[in-house]
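Chemist: Before we start, here is the structure in question, set down as structure tokens.
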Amino acid sequence: GYRVGNDGSVQTQKGHARSKKLREWRNLKLCKDTSGYLTVYLSHAGKKATMLVHHLVLRSFGIERPTPKHETRHLNGNCTDNTLGNLKWGTPKENNADQVSHGTRVRGEKCSSARLTEDDIRRIRFDLSHLNNTEVARLFSVDRSHICKIRKNKKWKHVT
């Protein structure tokens with residue numbers, strides 16, 4: 001009762017099994033999840049499921065996930081573009097590299113849970129030249145281990 005187009009559309013048949021209008025198709029409403037990816041609600045035998053549209057597109061055209069660890073890559077960086085030519089399975093490393101090259105990777109102050117800004121990081125690095133980790137952590141009200149990771153360039157390494 002469903003079909004998926006290579007343009008990322010998901011359709012269902014109108015009517016009932018005995019209806020003459022069985023062959024009429026209608027587009028299902030696509031919704032965005034909290035990460036911005038398009039999802040669709042499907043049901044079968046009374047059970048409902050939310051499915052990621054990009055997974056449906058790849059699977060519908062016979063492109064199976066190589067391993068459970070593989071992720072969908074949006075080759076143009078637009079997570080709402082679910083056309084077949086824009087999608088490909090890839091490793092997490094490849095997907096992260098895509099996000100960096102497209103500028104869509106959420107890091108630093110773009111992250112909703114970030115308590116520090118890039119200016120704070122520059123100030124922290126300056127303060128670390130004459131204060132210890134604990135003192136700097138107190139100044140910025142963060143954990144000492146976070147300051148240690150900033151010092152070792154394991155966190156916020158994109159900030160120069």
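By order in the structure tokens, chains are A, B, ...; within a chain, residues start at 1; ligands start at 1, following the order shown.
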Mind checking which residues fall within 12 Å of stretch 46-53 of chain A, counting only C-alpha atoms, ignoring those fewer than 3 positions away in the same chain, and posting them as a ChimeraX atom specification?

Modeler: /A:3-11,28-43,56-60,71-72,74,79-84,87

Chemist: Counting only C-alpha atoms, what is within 12 Å of A:Ile124, bar same-chain residues fewer than 2 positions away, as a PyMOL selection string?

Modeler: chain A and resi 116-122+126-142+144+146-151+153+156+159-160

Chemist: Using DSSP on the backbone coordinates, identify all residues within chain A classified as alpha helix (DSSP H); present the result as a PyMOL selection string.

Modeler: chain A and resi 53-60+92-102+118-127+133-140+144-151

Chemist: Could you tell me how far atom CA of A:Asn95 sits from atom CA of A:His54, in Å to one decimal place?

Modeler: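 Interatomic distance, atom CA of A:His54 to atom CA of A:Asn95: 14.0 Å.
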
Chemist: Using Å and a single decimal, report how far atom CA of A:Ala114 sits from atom CA of A:Gln99.

Modeler: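 Atom CA of A:Ala114 lies at a distance of 18.8 Å from atom CA of A:Gln99.
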
Chemist: Would you mind writing down, as a count of residues only, each residue of chain A that DSSP on the backbone assigns to strand (DSSP E)?

Modeler: 33

Chemist: What is the atom CA of A:Thr104-atom CA of A:Pro68 distance in Å, reported with one decimal?

Modeler: 23.5 Å
